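One file, upload-v4.txt, is given below (compact mmCIF, C-alpha atoms).
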```
# COMPACT_ATOMS: atom_id res chain seq x y z
CA MET O 35 -41.99 59.05 -24.96
CA SER O 36 -44.60 61.25 -23.29
CA LEU O 37 -43.78 64.94 -22.84
CA ARG O 38 -44.53 66.40 -19.41
CA PRO O 39 -44.54 70.22 -19.03
CA THR O 40 -41.57 71.57 -17.11
CA GLY O 41 -41.90 74.33 -14.52
CA ARG O 42 -40.66 76.73 -17.14
CA LEU O 43 -43.41 75.74 -19.56
CA ALA O 44 -46.01 76.16 -16.80
CA ALA O 45 -44.95 79.74 -16.17
CA PRO O 46 -47.44 82.47 -15.29
CA LEU O 47 -49.83 83.73 -17.94
CA THR O 48 -47.60 86.78 -18.37
CA CYS O 49 -45.27 84.62 -20.49
CA LEU O 50 -45.53 85.46 -24.11
CA ALA O 51 -47.26 82.88 -26.29
CA THR O 52 -44.37 82.97 -28.71
CA SER O 53 -41.87 82.04 -26.00
CA LEU O 54 -44.06 79.14 -24.94
CA ALA O 55 -44.24 77.89 -28.51
CA VAL O 56 -40.45 77.99 -28.85
CA LEU O 57 -39.92 76.13 -25.59
CA LEU O 58 -42.43 73.43 -26.54
CA SER O 59 -40.81 73.00 -29.93
CA THR O 60 -37.38 72.63 -28.33
CA ALA O 61 -38.67 70.12 -25.77
CA VAL O 62 -40.33 67.98 -28.44
CA VAL O 63 -37.18 67.87 -30.54
CA SER O 64 -35.00 66.88 -27.58
CA ALA O 65 -37.47 64.09 -26.66
CA GLN O 66 -36.97 62.43 -30.06
CA PRO O 67 -33.39 61.05 -30.12
CA ALA O 68 -32.03 60.17 -33.53
CA GLU O 69 -31.84 56.51 -34.50
CA ALA O 70 -28.34 55.06 -34.46
CA ALA O 71 -26.96 54.45 -37.93
CA ALA O 72 -26.24 50.92 -39.12
CA LYS O 73 -22.67 50.06 -38.17
CA ARG O 74 -20.20 47.74 -39.91
CA VAL O 75 -16.95 46.37 -38.47
CA ARG O 76 -14.94 43.85 -40.51
CA LEU O 77 -12.10 41.67 -39.22
CA GLY O 78 -9.74 39.60 -41.33
CA SER O 79 -9.42 39.86 -45.10
CA ALA O 80 -10.96 42.84 -46.87
CA SER O 81 -11.93 40.57 -49.79
CA ASP O 82 -14.50 37.78 -49.74
CA VAL O 83 -13.66 34.22 -50.69
CA SER O 84 -14.45 33.38 -54.32
CA ARG O 85 -15.78 29.86 -54.61
CA THR O 86 -18.75 28.35 -56.45
CA THR O 87 -19.69 25.33 -54.32
CA TRP O 88 -20.12 24.71 -50.61
CA SER O 89 -20.80 21.53 -48.65
CA GLY O 90 -23.43 22.60 -46.08
CA PRO O 91 -25.84 23.61 -44.84
CA ALA O 92 -24.86 23.50 -41.19
CA TYR O 93 -26.27 25.18 -38.09
CA THR O 94 -25.33 26.07 -34.52
CA MET O 95 -28.02 26.61 -31.88
CA ASN O 96 -26.58 28.10 -28.67
CA GLY O 97 -28.15 28.50 -25.23
CA SER O 98 -26.39 31.80 -24.54
CA GLY O 99 -25.07 34.51 -26.82
CA ALA O 100 -21.42 33.57 -27.16
CA VAL O 101 -19.94 31.56 -30.02
CA ILE O 102 -19.15 27.99 -28.91
CA PRO O 103 -15.82 27.06 -30.58
CA ALA O 104 -16.56 23.32 -30.74
CA THR O 105 -19.78 23.63 -32.73
CA MET O 106 -18.70 26.68 -34.73
CA THR O 107 -15.62 24.74 -35.86
CA LYS O 108 -17.83 21.82 -36.91
CA ALA O 109 -20.07 24.15 -38.90
CA ILE O 110 -17.11 25.86 -40.60
CA ASP O 111 -15.51 22.53 -41.51
CA ALA O 112 -18.80 21.08 -42.78
CA ILE O 113 -19.53 24.09 -45.00
CA ARG O 114 -16.05 24.38 -46.50
CA GLY O 115 -15.70 20.61 -46.85
CA GLY O 116 -12.50 20.71 -44.83
CA THR O 117 -10.62 22.83 -47.37
CA GLY O 118 -10.19 26.53 -48.01
CA SER O 119 -11.80 29.26 -45.94
CA LEU O 120 -15.10 31.10 -45.69
CA ASP O 121 -16.65 34.41 -44.65
CA VAL O 122 -18.89 34.96 -41.63
CA VAL O 123 -21.38 37.75 -40.90
CA VAL O 124 -22.61 38.47 -37.37
CA LEU O 125 -25.96 40.27 -37.09
CA ALA O 126 -26.90 42.25 -33.99
CA ALA O 127 -29.73 44.66 -33.23
CA SER O 128 -27.76 46.51 -30.55
CA ALA O 129 -24.13 47.07 -29.64
CA PRO O 130 -22.47 45.09 -26.83
CA THR O 131 -22.69 46.88 -23.51
CA SER O 132 -19.10 46.24 -22.47
CA GLY O 133 -15.75 45.10 -23.80
CA SER O 134 -15.18 44.48 -27.49
CA GLN O 135 -17.46 45.87 -30.21
CA THR O 136 -17.20 42.52 -32.00
CA PRO O 137 -17.14 39.69 -29.41
CA GLU O 138 -18.59 37.03 -31.74
CA CYS O 139 -16.17 37.89 -34.53
CA ASP O 140 -13.26 37.98 -32.08
CA ALA O 141 -14.00 34.35 -31.16
CA THR O 142 -14.71 33.30 -34.75
CA MET O 143 -11.48 34.75 -36.14
CA ARG O 144 -9.49 32.50 -33.79
CA LEU O 145 -10.86 29.42 -35.56
CA ALA O 146 -9.26 27.71 -38.55
CA GLY O 147 -10.86 28.17 -41.96
CA VAL O 148 -12.20 31.73 -41.48
CA ASN O 149 -11.28 34.35 -44.08
CA SER O 150 -13.20 37.25 -42.53
CA CYS O 151 -15.88 38.07 -39.99
CA THR O 152 -18.07 41.15 -40.37
CA THR O 153 -20.30 42.47 -37.59
CA TRP O 154 -23.36 44.45 -38.60
CA THR O 155 -25.32 46.31 -35.93
CA LEU O 156 -28.74 47.07 -37.39
CA GLY O 157 -30.94 48.99 -34.97
CA THR O 158 -34.15 49.42 -36.97
CA ARG O 159 -36.44 47.36 -39.16
CA ASN O 160 -35.47 49.41 -42.20
CA ASP O 161 -31.82 48.51 -41.60
CA GLY O 162 -32.84 45.06 -42.81
CA ASN O 163 -32.87 46.65 -46.28
CA ASN O 164 -29.41 48.17 -45.97
CA SER O 165 -27.77 47.40 -49.32
CA GLN O 166 -24.20 46.96 -48.03
CA ALA O 167 -25.36 44.72 -45.19
CA ASN O 168 -27.29 42.51 -47.60
CA THR O 169 -24.33 42.34 -49.97
CA ASP O 170 -22.09 41.20 -47.11
CA ILE O 171 -24.64 38.60 -46.00
CA ARG O 172 -25.10 37.16 -49.49
CA ASN O 173 -21.34 36.96 -49.98
CA ALA O 174 -20.88 35.16 -46.66
CA GLU O 175 -21.11 31.44 -45.94
CA PHE O 176 -22.30 31.61 -42.34
CA VAL O 177 -24.64 34.07 -40.59
CA TYR O 178 -24.56 34.25 -36.80
CA PHE O 179 -27.31 36.09 -34.90
CA ALA O 180 -25.94 37.58 -31.69
CA GLY O 181 -27.69 37.56 -28.34
CA GLY O 182 -30.03 40.42 -27.51
CA ASP O 183 -33.71 40.88 -28.34
CA GLN O 184 -35.34 38.37 -30.70
CA CYS O 185 -38.28 40.74 -31.25
CA LYS O 186 -35.94 43.07 -33.15
CA TYR O 187 -34.76 40.13 -35.25
CA ALA O 188 -38.35 39.07 -35.95
CA ASP O 189 -39.01 42.63 -37.12
CA TRP O 190 -36.66 41.96 -40.04
CA LYS O 191 -39.21 39.52 -41.46
CA GLY O 192 -40.25 40.82 -44.86
CA THR O 193 -37.06 42.84 -45.38
CA ALA O 194 -34.29 41.98 -47.82
CA LEU O 195 -32.25 40.59 -44.93
CA GLN O 196 -34.61 37.64 -44.50
CA ASN O 197 -34.04 36.45 -48.07
CA SER O 198 -30.33 37.20 -47.91
CA VAL O 199 -29.90 34.86 -44.94
CA LYS O 200 -31.96 32.20 -46.72
CA SER O 201 -29.68 32.52 -49.75
CA VAL O 202 -26.63 31.73 -47.60
CA VAL O 203 -28.17 28.45 -46.42
CA ALA O 204 -29.46 27.63 -49.91
CA LYS O 205 -25.96 27.80 -51.42
CA GLY O 206 -24.64 25.34 -48.82
CA GLY O 207 -23.65 27.79 -46.10
CA GLY O 208 -25.16 28.00 -42.64
CA SER O 209 -26.96 29.93 -39.96
CA GLY O 210 -26.94 30.00 -36.19
CA GLY O 211 -26.95 32.13 -33.11
CA GLY O 212 -27.07 32.32 -29.36
CA SER O 213 -29.83 33.26 -26.93
CA ALA O 214 -32.04 35.60 -29.01
CA GLY O 215 -30.11 34.36 -32.05
CA HIS O 216 -31.04 30.80 -31.10
CA HIS O 217 -34.72 31.75 -30.86
CA ILE O 218 -34.87 33.33 -34.32
CA ASN O 219 -33.58 30.17 -36.02
CA SER O 220 -36.52 27.93 -35.05
CA ALA O 221 -39.59 27.37 -37.22
CA VAL O 222 -41.89 28.94 -34.61
CA VAL O 223 -40.20 31.86 -32.86
CA TYR O 224 -41.14 32.93 -29.35
CA ASP O 225 -40.51 36.58 -30.17
CA ALA O 226 -41.07 38.16 -26.70
CA CYS O 227 -42.36 41.31 -28.41
CA GLU O 228 -44.80 41.98 -25.55
CA GLY O 229 -42.36 40.97 -22.82
CA SER O 230 -40.65 37.90 -21.36
CA VAL O 231 -42.81 35.23 -19.73
CA THR O 232 -41.85 32.89 -16.88
CA SER O 233 -42.72 29.22 -16.59
CA ASP O 234 -45.22 29.88 -13.79
CA GLU O 235 -46.99 32.54 -15.84
CA ALA O 236 -47.11 30.37 -18.95
CA LEU O 237 -48.49 27.35 -17.11
CA TYR O 238 -51.12 29.50 -15.39
CA ASP O 239 -52.23 30.88 -18.75
CA PRO O 240 -50.79 29.53 -22.03
CA TYR O 241 -52.43 32.54 -23.71
CA ASP O 242 -50.69 35.05 -21.46
CA PRO O 243 -50.31 38.33 -23.44
CA TYR O 244 -46.53 37.99 -23.14
CA ILE O 245 -46.61 34.78 -25.21
CA THR O 246 -46.37 35.88 -28.83
CA PHE O 247 -44.96 34.04 -31.83
CA THR O 248 -43.51 34.81 -35.23
CA THR O 249 -43.75 32.18 -37.96
CA GLY O 250 -42.38 32.09 -41.48
CA MET O 251 -39.06 33.77 -40.70
CA PHE O 252 -36.82 30.77 -41.40
CA ASN O 253 -37.85 27.20 -42.12
CA TRP O 254 -34.62 25.26 -42.21
CA ALA O 255 -34.60 21.79 -43.74
CA ASN O 256 -35.01 19.00 -41.15
CA TYR O 257 -35.87 21.56 -38.46
CA ALA O 258 -39.60 21.94 -39.03
CA ASN O 259 -42.11 22.33 -36.17
CA THR O 260 -39.47 23.48 -33.66
CA ILE O 261 -39.63 26.19 -30.98
CA ASN O 262 -36.23 27.15 -29.55
CA ASP O 263 -35.61 28.32 -25.99
CA SER O 264 -32.39 29.46 -24.29
CA HIS O 265 -30.78 29.82 -20.83
CA PHE O 266 -32.87 26.74 -20.19
CA GLN O 267 -32.22 25.20 -16.80
CA GLU O 268 -30.54 28.30 -15.45
CA ARG O 269 -33.78 30.28 -15.77
CA ASP O 270 -36.12 27.29 -15.25
CA ARG O 271 -37.73 27.51 -18.68
CA MET O 272 -39.00 23.95 -19.10
CA GLY O 273 -42.52 24.96 -18.04
CA ARG O 274 -42.80 27.79 -20.51
CA THR O 275 -41.42 25.64 -23.33
CA MET O 276 -44.12 23.09 -22.52
CA ALA O 277 -46.69 25.89 -22.78
CA PHE O 278 -45.20 27.06 -26.10
CA VAL O 279 -45.44 23.52 -27.47
CA ALA O 280 -49.07 23.18 -26.37
CA ARG O 281 -49.97 26.55 -27.88
CA ALA O 282 -48.26 25.78 -31.17
CA ILE O 283 -50.26 22.57 -31.51
CA GLU O 284 -53.57 24.07 -30.35
CA ASP O 285 -53.24 27.07 -32.69
CA GLY O 286 -52.05 25.06 -35.70
CA LEU O 287 -48.68 26.80 -35.89
CA THR O 288 -47.02 23.45 -36.65
CA THR O 289 -47.99 20.58 -38.92
CA GLY O 290 -49.02 17.03 -38.11
CA GLY O 291 -50.40 17.87 -34.69
CA ALA O 292 -46.95 17.91 -33.05
CA ALA O 293 -44.31 20.40 -31.94
CA TRP O 294 -40.75 20.05 -30.64
CA GLY O 295 -39.32 22.47 -28.09
CA VAL O 296 -35.52 22.72 -28.19
CA GLY O 297 -34.12 24.15 -24.95
CA VAL O 298 -30.36 24.70 -24.68
CA ASN O 299 -28.53 25.43 -21.44
CA GLU O 300 -26.09 28.30 -21.04
CA GLY O 301 -22.73 27.35 -22.52
CA GLY O 302 -24.41 24.61 -24.54
CA SER O 303 -24.79 24.31 -28.29
CA LEU O 304 -26.28 22.03 -30.89
CA PHE O 305 -24.41 21.48 -34.13
CA ILE O 306 -26.83 20.32 -36.84
CA ASP O 307 -25.47 18.95 -40.11
CA LYS O 308 -27.06 18.94 -43.57
CA ASN O 309 -28.76 15.62 -42.85
CA GLY O 310 -30.45 16.89 -39.70
CA GLN O 311 -28.15 15.06 -37.31
CA ALA O 312 -27.67 17.16 -34.17
CA THR O 313 -24.82 16.78 -31.67
CA ALA O 314 -24.84 18.48 -28.28
CA ALA O 315 -21.75 20.23 -26.94
CA GLY O 316 -20.75 22.28 -23.92
CA ALA O 317 -23.86 21.74 -21.78
CA ASP O 318 -27.16 19.86 -21.92
CA THR O 319 -29.93 20.32 -24.47
CA PHE O 320 -33.55 19.22 -24.01
CA VAL O 321 -35.93 18.23 -26.79
CA VAL O 322 -39.57 18.44 -25.66
CA LEU O 323 -42.14 16.75 -27.89
CA GLY O 324 -45.87 17.32 -27.71
CA ASP O 325 -47.55 14.85 -30.07
CA HIS O 326 -51.24 15.48 -29.37
CA ARG O 327 -53.58 18.36 -28.65
CA PRO O 328 -53.55 19.65 -25.07
CA GLU O 329 -56.15 18.28 -22.70
CA ARG O 330 -56.83 21.96 -21.92
CA ALA O 331 -55.26 25.10 -23.33
CA ASP O 332 -57.56 28.09 -22.99
CA PRO O 333 -57.06 31.78 -22.22
CA ASP O 334 -56.82 32.55 -18.51
CA ARG O 335 -57.00 28.86 -17.60
CA TYR O 336 -54.35 26.56 -16.17
CA LEU O 337 -52.66 24.38 -18.80
CA THR O 338 -53.26 20.63 -18.73
CA TYR O 339 -51.13 18.44 -20.97
CA TYR O 340 -50.28 14.81 -20.31
CA ASP O 341 -47.16 12.94 -21.40
CA TYR O 342 -44.71 15.29 -23.00
CA LYS O 343 -41.82 13.21 -24.35
CA ILE O 344 -38.47 14.68 -23.28
CA TRP O 345 -34.97 13.80 -24.47
CA ARG O 346 -32.07 15.09 -22.39
CA LEU O 347 -28.97 15.36 -24.57
CA ARG O 348 -25.74 15.54 -22.62
CA PRO O 349 -22.59 16.74 -24.41
CA GLY O 350 -21.74 14.27 -27.17
CA ALA O 351 -25.29 12.90 -27.44
CA THR O 352 -27.10 13.06 -30.77
CA TYR O 353 -30.64 13.65 -32.00
CA ASP O 354 -31.83 13.01 -35.55
CA PHE O 355 -34.12 15.84 -36.65
CA ARG O 356 -34.67 14.28 -40.08
CA ASN O 357 -35.78 10.91 -38.72
CA ARG O 358 -37.01 11.95 -35.30
CA PRO O 359 -36.61 9.22 -32.68
CA THR O 360 -39.55 7.40 -31.18
CA CYS O 361 -37.71 6.07 -28.14
CA GLY O 362 -35.26 7.18 -25.46
CA TYR O 363 -37.48 9.86 -23.91
CA TYR O 364 -38.88 10.24 -20.41
CA LEU O 365 -42.46 11.40 -19.74
CA ARG O 366 -43.65 14.46 -17.84
CA SER O 367 -47.09 16.09 -17.55
CA ILE O 368 -48.78 19.34 -16.55
CA ASP O 369 -52.06 19.01 -14.60
CA THR O 370 -54.07 22.21 -14.06
CA GLY O 371 -50.91 24.28 -14.23
CA VAL O 372 -48.89 22.07 -11.88
CA PRO O 373 -45.91 20.28 -13.44
CA ASP O 374 -44.66 16.86 -12.44
CA GLY O 375 -41.61 16.88 -10.23
CA ASN O 376 -38.10 16.69 -11.61
CA LEU O 377 -38.81 18.07 -15.09
CA TYR O 378 -35.14 18.02 -16.09
CA SER O 379 -34.34 14.35 -15.68
CA GLY O 380 -36.01 10.98 -15.82
CA THR O 381 -35.57 7.34 -16.72
CA PRO O 382 -35.71 6.97 -20.51
CA VAL O 383 -38.38 4.74 -21.99
CA THR O 384 -36.77 1.94 -23.97
CA SER O 385 -39.71 -0.34 -24.82
CA CYS O 386 -41.37 1.82 -27.44
```
Using structure tokens, write down the structure from this file.
Amino acid sequence: MSLRPTGRLAAPLTCLATSLAVLLSTAVVSAQPAEAAAKRVRLGSASDVSRTTWSGPAYTMNGSGAVIPATMTKAIDAIRGGTGSLDVVVLAASAPTSGSQTPECDATMRLAGVNSCTTWTLGTRNDGNNSQANTDIRNAEFVYFAGGDQCKYADWKGTALQNSVKSVVAKGGGSGGGSAGHHINSAVVYDACEGSVTSDEALYDPYDPYITFTTGMFNWANYANTINDSHFQERDRMGRTMAFVARAIEDGLTTGGAAWGVGVNEGGSLFIDKNGQATAAGADTFVVLGDHRPERADPDRYLTYYDYKIWRLRPGATYDFRNRPTCGYYLRSIDTGVPDGNLYSGTPVTSC
């Protein structure tokens, strides 16, 4: 925050130098608000479940911040193998702006098979090394990243929290999230650390300064080479996801010369089981495959990319991320920054 002199600090030269120094010191201190302390709120049992084996992993990828009961229930049941109960941790980088302090845990505690749900609000990078938070995460069986700002989540890369979340999945638990929490769970994360980009901006310049990525945060089994996006149709984000896919391929952020964008609508969710089988719920999900280098992806130049393969998954539809399908998509292109019409629906190709 920049400090601008007040009228009092710009007083006539007759002011004593000592008084000026005191006023400046006071102003500087007041311009530096203290960081909020990490905050913990636990619902349900005060004691964690004691159990040696779990049946996951399982994931939920949500288009908006709220927990989706249908997919969260599937994840809970898959991880606990249909018996017993488990513990959930919700991670947030900022407190909710209205209503409950623990909206995700409120919804989760209404579901069968949940022993406890603990919300941690961690406002700084260093909070990712908070010992109690990491103990709670490691003792949990599911970690849910709340909506908010995915840049703050990406800033936890390299802290203890990153490995704690990985340990939950490794023991057969799960991970998920909504909106920003959806973004952070993909292999390539659009982190929005420089600002949020629109589809028009991204198609005009796929190297727009607002397009920044974090890699190496989480690399979940069967979910490689993915770039998640949220609030998909509601905010017309197909174009920017196409640009993200092109950039990831052009810059070598993914392997095999391909990248998959996964855009989920508000109220929608993907449940992904331990075999990589995804099932859509609540609202539509779009899988956007780029399987070759862009015809043109340069800084300050319109994007050109022909024949993206797009799967539209309506509620109940499935997509196999382990054995990714080679049919059932429709084709759309971007030519000098101009997208084909009707990006969100098309006639699926069946002879492939």
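Each of O:Asp263, O:Glu268, O:Asp318, O:Asp307 was compared to Asn219 in chain O using only C-alpha atoms, and O:Asp263 turns out to be the nearest.
The two atoms in question, CA of Gly316 in chain O and CA of Ser98 in chain O, are spaced 11.1 Å apart.
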Practice prompt. Please provide the set of residues having any atom within 8 Å of Val296 in chain O, restricted to all atoms listed in the file, with same-chain residues fewer than 2 positions apart removed, written as a PyMOL selection string.
Written response: chain O and resi 260-263+294+298+319-322
Deliver the residues from the most recent selection as a file, using C-alpha atoms, as an mmCIF file, in the coordinates of the input.
```cif
data_model
loop_
_atom_site.group_PDB
_atom_site.id
_atom_site.type_symbol
_atom_site.label_atom_id
_atom_site.label_comp_id
_atom_site.auth_asym_id
_atom_site.auth_seq_id
_atom_site.Cartn_x
_atom_site.Cartn_y
_atom_site.Cartn_z
ATOM 1 C CA THR O 260 -39.470 23.480 -33.660
ATOM 2 C CA ILE O 261 -39.630 26.190 -30.980
ATOM 3 C CA ASN O 262 -36.230 27.150 -29.550
ATOM 4 C CA ASP O 263 -35.610 28.320 -25.990
ATOM 5 C CA TRP O 294 -40.750 20.050 -30.640
ATOM 6 C CA VAL O 298 -30.360 24.700 -24.680
ATOM 7 C CA THR O 319 -29.930 20.320 -24.470
ATOM 8 C CA PHE O 320 -33.550 19.220 -24.010
ATOM 9 C CA VAL O 321 -35.930 18.230 -26.790
ATOM 10 C CA VAL O 322 -39.570 18.440 -25.660
#
```
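Shell of Val177 in chain O at 6 Å, with only C-alpha atoms counted and residues fewer than 3 places along the chain excluded, is Val122, Val123, Val124 and Ser209 of chain O.
Reported to one decimal place, the separation of CA of Lys73 in chain O from CA of Leu145 in chain O is 23.9 Å.
When CA of Leu365 in chain O is paired with CA of His216 in chain O, their separation reads 25.2 Å.
Residue nearest Pro349 in chain O within the list O:Thr105, O:Ser198, O:Ser84, O:Thr169: O:Thr105 [criterion: smallest interatomic distance, all atoms listed in the file].
With all atoms listed in the file as the atoms that count, the residue of O:Arg356, O:Arg172, O:His265, O:Arg274 with the shortest distance to Asn197 in chain O is O:Arg172.
Checking O:Leu120, O:Ile306, O:Ile245, O:Leu347 one by one against Met95 in chain O, counting all atoms listed in the file, you find the shortest gap at O:Ile306.
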Item to complete: For Asp234 in chain O, list every protein, DNA or RNA residue within 9 Å, evaluated using all atoms listed in the file, and leave out those in the same chain fewer than 6 positions away; present the list as a ChimeraX atom specification.
Response: /O:273-274,371-372
Worksheet item: Leaving out Gly310 in chain O and any residue of its chain fewer than 6 positions from it, which residues lie within 6 Å of it when counting all atoms listed in the file, given as a PyMOL selection string?
Response: chain O and resi 256+354-356
Item to complete: Might you pull out every residue within 12 Å of Gly286 in chain O, with all atoms listed in the file counted and same-chain residues fewer than 5 positions away left off, and present them as number ranges by chain?
Response: O: 222, 249, 259, 278-281, 291-293, 326-327
Worksheet, complete the sentence: Judged by all atoms listed in the file, the minimum distance to Asp225 in chain O among O:Asn149, O:Ser201, O:Thr193, O:Gln184 is found for O:Gln184
Repair of range 72-98 of chain O at the level of N, CA and C atoms, as a CSV table (one decimal), keeping the file's coordinate frame:
```
chain,number,residue,atom,x,y,z
O,72,ALA,N,-26.8,52.3,-39.0
O,72,ALA,CA,-26.2,50.9,-39.1
O,72,ALA,C,-24.7,51.0,-39.1
O,73,LYS,N,-24.1,50.0,-38.4
O,73,LYS,CA,-22.7,50.1,-38.2
O,73,LYS,C,-22.0,48.8,-38.6
O,74,ARG,N,-20.9,48.9,-39.3
O,74,ARG,CA,-20.2,47.7,-39.9
O,74,ARG,C,-18.8,47.7,-39.4
O,75,VAL,N,-18.3,46.6,-38.9
O,75,VAL,CA,-17.0,46.4,-38.5
O,75,VAL,C,-16.5,45.0,-39.1
O,76,ARG,N,-15.4,45.1,-39.8
O,76,ARG,CA,-14.9,43.8,-40.5
O,76,ARG,C,-13.6,43.5,-40.0
O,77,LEU,N,-13.4,42.2,-39.6
O,77,LEU,CA,-12.1,41.7,-39.2
O,77,LEU,C,-11.6,40.7,-40.3
O,78,GLY,N,-10.3,40.5,-40.4
O,78,GLY,CA,-9.7,39.6,-41.3
O,78,GLY,C,-9.6,40.2,-42.7
O,79,SER,N,-9.6,39.4,-43.7
O,79,SER,CA,-9.4,39.9,-45.1
O,79,SER,C,-10.5,40.9,-45.5
O,80,ALA,N,-10.0,41.9,-46.3
O,80,ALA,CA,-11.0,42.8,-46.9
O,80,ALA,C,-11.7,42.3,-48.1
O,81,SER,N,-11.3,41.2,-48.6
O,81,SER,CA,-11.9,40.6,-49.8
O,81,SER,C,-12.6,39.3,-49.4
O,82,ASP,N,-13.8,39.0,-50.0
O,82,ASP,CA,-14.5,37.8,-49.7
O,82,ASP,C,-13.9,36.6,-50.5
O,83,VAL,N,-14.1,35.4,-50.0
O,83,VAL,CA,-13.7,34.2,-50.7
O,83,VAL,C,-14.5,34.1,-52.0
O,84,SER,N,-13.8,33.7,-53.0
O,84,SER,CA,-14.4,33.4,-54.3
O,84,SER,C,-14.5,31.9,-54.5
O,85,ARG,N,-15.7,31.3,-54.5
O,85,ARG,CA,-15.8,29.9,-54.6
O,85,ARG,C,-17.2,29.6,-55.0
O,86,THR,N,-17.4,28.6,-55.9
O,86,THR,CA,-18.8,28.4,-56.4
O,86,THR,C,-19.6,27.3,-55.7
O,87,THR,N,-18.9,26.4,-55.0
O,87,THR,CA,-19.7,25.3,-54.3
O,87,THR,C,-19.3,25.2,-52.8
O,88,TRP,N,-20.3,24.9,-52.0
O,88,TRP,CA,-20.1,24.7,-50.6
O,88,TRP,C,-20.8,23.4,-50.2
O,89,SER,N,-20.4,22.9,-49.0
O,89,SER,CA,-20.8,21.5,-48.6
O,89,SER,C,-21.8,21.5,-47.5
O,90,GLY,N,-22.4,22.6,-47.1
O,90,GLY,CA,-23.4,22.6,-46.1
O,90,GLY,C,-24.8,22.3,-46.6
O,91,PRO,N,-25.9,22.7,-46.0
O,91,PRO,CA,-25.8,23.6,-44.8
O,91,PRO,C,-25.4,23.0,-43.5
O,92,ALA,N,-25.2,23.9,-42.6
O,92,ALA,CA,-24.9,23.5,-41.2
O,92,ALA,C,-25.3,24.6,-40.3
O,93,TYR,N,-25.7,24.2,-39.0
O,93,TYR,CA,-26.3,25.2,-38.1
O,93,TYR,C,-25.7,25.0,-36.7
O,94,THR,N,-25.7,26.1,-36.0
O,94,THR,CA,-25.3,26.1,-34.5
O,94,THR,C,-26.4,26.8,-33.7
O,95,MET,N,-26.9,26.1,-32.7
O,95,MET,CA,-28.0,26.6,-31.9
O,95,MET,C,-27.5,26.7,-30.4
O,96,ASN,N,-27.3,27.9,-29.9
O,96,ASN,CA,-26.6,28.1,-28.7
O,96,ASN,C,-27.5,28.6,-27.6
O,97,GLY,N,-27.3,28.1,-26.4
O,97,GLY,CA,-28.2,28.5,-25.2
O,97,GLY,C,-27.9,29.9,-24.7
O,98,SER,N,-26.7,30.4,-24.9
O,98,SER,CA,-26.4,31.8,-24.5
O,98,SER,C,-25.7,32.4,-25.7
```
